[in-house]
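Below you'll find the structure, written out as structure tokens, and then a few comments.
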Amino acid sequence: MTTLDDELPDHVRRNREAWDAWAVDYVDNGERSWRLAPGEEKWGNWGIPESEVGLLPADLAGKDTIELGCGTAYVSAWLARRGARPVGIDNSEKQLATARRLQAEHGIDFPLLHGNAETVPYPDATFDLAISEYGASIWADPHRWIPEASRLLRPGGRLMFLVNATILMLCMPDAEEPATNAMLRPYRGLHRLEWTSDQSVNFHLGYGDWIRLLRANGFEIENLVELYPAEGATAPDFPYATNEWARRWPTEEVWMARKRA
Ligand SMILES: C[S@@+](CC[C@H](N)C(=O)[O-])C[C@H]1O[C@@H](n2cnc3c(N)ncnc32)[C@H](O)[C@@H]1O
């Protein structure tokens, strides 16, 4: 299933073009991350060990999961190895090509859809967990993908998504430059961000806006986990903040919510 480019919202079309071009640079990380066995999983730009933060639900066996913006789909592979039945959707056919190759190499098969996570071709209440690690969570419009995640989840289902921390987005000069100690853009009204360095579009909200949006779409918020790197840890692929900065202020946040039963 593929949505034709000219039917896509502007931000989805632009991000599809951007990610089809960047996919080649994400192959190594995909290969590394697919190799991680249960208990060895690492989150986000700093590779924070799952064994330290315990983000994954304990009861994944037999659960239907959907990864919104799965990229090379290593998170879904982790879920599959923990007994879940994953589905991945991604806006970039090039990212999915890597995902499909890695599925074959690892002998782990699950459906991979090419499409926009704001409109997923599955019936209401199909999944027990919707998850996104820097996928739809930052590249899709939250006013579209959060209602869609709610629609897709069964009552009591979980939503878990990892994003750049809001404070980082206020202090980062542009996509490829490290965070400063100054607030460079307004917090009030934070939503759609476009970068001077490329044509992509990101979305970030202030905390009150996230809380209101989640609650308005039937979610109860269970946790907001700020991730901090170990002293001296590096994030070579994403130099958006120095280690010193990221140990003082969060660069990554994980929202955890549950759809009201
Ligand atoms: C950084 S990757 C996330 C995957 C993986 N967790 C990772 O960190 O590499 C971002 C992915 O989001 C996808 N994406 C962007 N907008 C999307 C949308 N509207 N619907 C589905 N996927 C989208 C991109 O194509 C890309 O593969």
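FYI, nothing fancy with the structure tokens labels: chains A, B, ... in order, residues from 1 per chain, ligands from 1 as they appear.
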Practice task
Kindly provide, as an MDAnalysis selection string, all nucleotide and amino acid residues lying within 7 Å of ligand 1, counting only C-alpha atoms and all ligand atoms.
Solution key: chainID A and resid 12 15:16 19 26 30 44 68:75 89:92 95 115:118 132:136 139:140
Exercise for the section: Using only C-alpha atoms, determine which residues lie at most 7 Å from Tyr228 in chain A, disregarding the query and same-chain residues fewer than 2 positions distant; provide the list as a PyMOL selection string. Expected result: chain A and resi 226+230+246-247+250
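Contact shell of Gly83 in chain A at 7 Å (only C-alpha atoms; same-chain neighbours under 4 positions omitted): A:Leu60, A:Ala61, A:Gly62, A:Leu79.
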For the residues in the current selection, export all heavy atoms as a PDB file, in the first residue's frame.
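Below is the file out_24.pdb, written as the result:
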ATOM      1  N   LEU A  60       4.851  -8.172  26.720  1.00  0.00           N
ATOM      2  CA  LEU A  60       4.704  -8.007  25.263  1.00  0.00           C
ATOM      3  C   LEU A  60       4.282  -9.288  24.544  1.00  0.00           C
ATOM      4  O   LEU A  60       3.821  -9.226  23.403  1.00  0.00           O
ATOM      5  CB  LEU A  60       6.018  -7.499  24.665  1.00  0.00           C
ATOM      6  CG  LEU A  60       6.250  -6.001  24.863  1.00  0.00           C
ATOM      7  CD1 LEU A  60       7.695  -5.630  24.541  1.00  0.00           C
ATOM      8  CD2 LEU A  60       5.290  -5.192  23.997  1.00  0.00           C
ATOM      9  N   ALA A  61       4.417 -10.416  25.187  1.00  0.00           N
ATOM     10  CA  ALA A  61       4.123 -11.684  24.510  1.00  0.00           C
ATOM     11  C   ALA A  61       2.682 -11.690  24.009  1.00  0.00           C
ATOM     12  O   ALA A  61       1.738 -11.409  24.769  1.00  0.00           O
ATOM     13  CB  ALA A  61       4.366 -12.847  25.457  1.00  0.00           C
ATOM     14  N   GLY A  62       2.523 -11.977  22.720  1.00  0.00           N
ATOM     15  CA  GLY A  62       1.186 -12.085  22.121  1.00  0.00           C
ATOM     16  C   GLY A  62       0.509 -10.754  21.845  1.00  0.00           C
ATOM     17  O   GLY A  62      -0.640 -10.729  21.395  1.00  0.00           O
ATOM     18  N   LEU A  79      10.623  -5.881  19.590  1.00  0.00           N
ATOM     19  CA  LEU A  79       9.313  -6.289  20.113  1.00  0.00           C
ATOM     20  C   LEU A  79       9.004  -7.722  19.697  1.00  0.00           C
ATOM     21  O   LEU A  79       8.497  -8.519  20.492  1.00  0.00           O
ATOM     22  CB  LEU A  79       8.217  -5.341  19.610  1.00  0.00           C
ATOM     23  CG  LEU A  79       8.367  -3.859  19.994  1.00  0.00           C
ATOM     24  CD1 LEU A  79       7.242  -3.032  19.374  1.00  0.00           C
ATOM     25  CD2 LEU A  79       8.381  -3.666  21.507  1.00  0.00           C
TER      26      LEU A  79
END
Fill in the blank from the handout: With distances taken over only C-alpha atoms, the candidate from A:Asn164, A:Trp34, A:Trp43, A:Trp145 nearest Gln103 in chain A is A:Trp34
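Every protein or nucleic acid residue with an atom no more than 9 Å from Asn202 in chain A, counting only C-alpha atoms and leaving out same-chain residues fewer than 2 positions away, appears here: His11, Asn15, Ile138, Trp139, Ala140, Asp141, His191, Arg192, Leu193, Glu194, Trp195, Ser200 and His204 of chain A.
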Problem - Which of A:Leu129, A:Leu170, A:Ala77, A:Ala97 sits closest to Asp109 in chain A [using only C-alpha atoms] - result: A:Ala77
Exercise for the section: Check range 8-50 of chain A with DSSP on the backbone and list each residue it calls helix (DSSP H, G or I), as a ChimeraX atom specification. Expected result: /A:10-34,50
Handout entry: In range 63-205 of chain A, DSSP strand (DSSP E or B) residues written as a PyMOL selection string
Key = chain A and resi 64-68+85-90+112-114+127-133+153-164+192-194+201-203
Kindly export the residues of the current selection with C-alpha atoms, as a compact mmCIF listing (two decimals), in the first residue's frame.
# COMPACT_ATOMS: atom_id res chain seq x y z
CA ASP A 64 -0.26 -6.57 18.64
CA THR A 65 2.05 -3.60 18.17
CA ILE A 66 2.42 -0.87 15.57
CA GLU A 67 5.55 1.20 15.09
CA LEU A 68 4.67 4.60 13.63
CA ARG A 85 3.24 -9.37 16.75
CA PRO A 86 4.55 -6.13 15.22
CA VAL A 87 3.49 -4.06 12.23
CA GLY A 88 5.66 -1.20 10.99
CA ILE A 89 4.63 1.77 8.87
CA ASP A 90 7.04 4.25 7.34
CA LEU A 112 5.89 -3.35 6.74
CA LEU A 113 3.67 -0.71 5.15
CA HIS A 114 4.72 2.24 3.06
CA PHE A 127 -3.29 -2.85 18.48
CA ASP A 128 -2.20 -3.11 22.13
CA LEU A 129 0.87 -0.87 21.78
CA ALA A 130 1.68 2.04 19.46
CA ILE A 131 5.34 3.00 19.60
CA SER A 132 7.53 5.55 17.90
CA GLU A 133 11.21 6.34 18.42
CA LEU A 153 -5.37 1.20 19.99
CA ARG A 154 -7.66 -1.09 21.94
CA PRO A 155 -9.07 0.25 25.19
CA GLY A 156 -6.29 0.00 27.78
CA GLY A 157 -3.66 -0.04 25.00
CA ARG A 158 -0.36 1.73 25.47
CA LEU A 159 1.24 4.60 23.60
CA MET A 160 4.99 5.13 23.98
CA PHE A 161 6.97 7.67 21.98
CA LEU A 162 10.47 9.11 22.12
CA VAL A 163 11.08 12.70 20.98
CA ASN A 164 13.75 15.38 21.16
CA ARG A 192 5.92 23.06 13.23
CA LEU A 193 9.66 23.63 12.76
CA GLU A 194 11.43 23.99 9.43
CA VAL A 201 9.62 19.50 8.67
CA ASN A 202 9.52 18.49 12.36
CA PHE A 203 6.84 18.90 14.98
Practice task
Within 12 Å of Glu176 in chain A, counting only C-alpha atoms, which residues show up once you throw out same-chain ones fewer than 5 positions away? Write them as a list in words, please.
Solution key: Trp195, Thr196, Ser197, Asp198, Pro236, Asp237, Phe238, Pro239, Tyr240 and Ala241 of chain A
Export, as a PDB file, in the first residue's frame, the selected residues with N, CA and C atoms.
ATOM      1  N   TRP A 195      13.785  23.758   8.968  1.00  0.00           N
ATOM      2  CA  TRP A 195      15.202  24.064   9.166  1.00  0.00           C
ATOM      3  C   TRP A 195      15.753  24.753   7.930  1.00  0.00           C
ATOM      4  N   THR A 196      16.761  25.581   8.165  1.00  0.00           N
ATOM      5  CA  THR A 196      17.359  26.265   7.019  1.00  0.00           C
ATOM      6  C   THR A 196      18.247  25.308   6.232  1.00  0.00           C
ATOM      7  N   SER A 197      18.732  24.240   6.908  1.00  0.00           N
ATOM      8  CA  SER A 197      19.726  23.370   6.274  1.00  0.00           C
ATOM      9  C   SER A 197      19.121  22.317   5.340  1.00  0.00           C
ATOM     10  N   ASP A 198      17.805  22.070   5.414  1.00  0.00           N
ATOM     11  CA  ASP A 198      17.190  21.095   4.505  1.00  0.00           C
ATOM     12  C   ASP A 198      15.698  21.404   4.379  1.00  0.00           C
ATOM     13  N   PRO A 236      27.634  10.256  18.190  1.00  0.00           N
ATOM     14  CA  PRO A 236      28.387  10.704  17.014  1.00  0.00           C
ATOM     15  C   PRO A 236      27.521  11.071  15.818  1.00  0.00           C
ATOM     16  N   ASP A 237      26.388  10.373  15.659  1.00  0.00           N
ATOM     17  CA  ASP A 237      25.565  10.636  14.477  1.00  0.00           C
ATOM     18  C   ASP A 237      24.740  11.910  14.608  1.00  0.00           C
ATOM     19  N   PHE A 238      24.485  12.330  15.843  1.00  0.00           N
ATOM     20  CA  PHE A 238      23.564  13.447  16.056  1.00  0.00           C
ATOM     21  C   PHE A 238      24.172  14.430  17.052  1.00  0.00           C
ATOM     22  N   PRO A 239      25.073  15.297  16.606  1.00  0.00           N
ATOM     23  CA  PRO A 239      25.775  16.184  17.543  1.00  0.00           C
ATOM     24  C   PRO A 239      24.922  17.400  17.910  1.00  0.00           C
ATOM     25  N   TYR A 240      23.705  17.146  18.387  1.00  0.00           N
ATOM     26  CA  TYR A 240      22.788  18.249  18.685  1.00  0.00           C
ATOM     27  C   TYR A 240      23.060  18.873  20.043  1.00  0.00           C
ATOM     28  N   ALA A 241      23.835  18.168  20.863  1.00  0.00           N
ATOM     29  CA  ALA A 241      24.207  18.719  22.171  1.00  0.00           C
ATOM     30  C   ALA A 241      25.490  18.044  22.614  1.00  0.00           C
TER      31      ALA A 241
END
Exercise for the section: Using CA of Asn29 in chain A and CA of Glu177 in chain A as the two end points, give the distance in Å to one decimal. Expected result: 20.7 Å
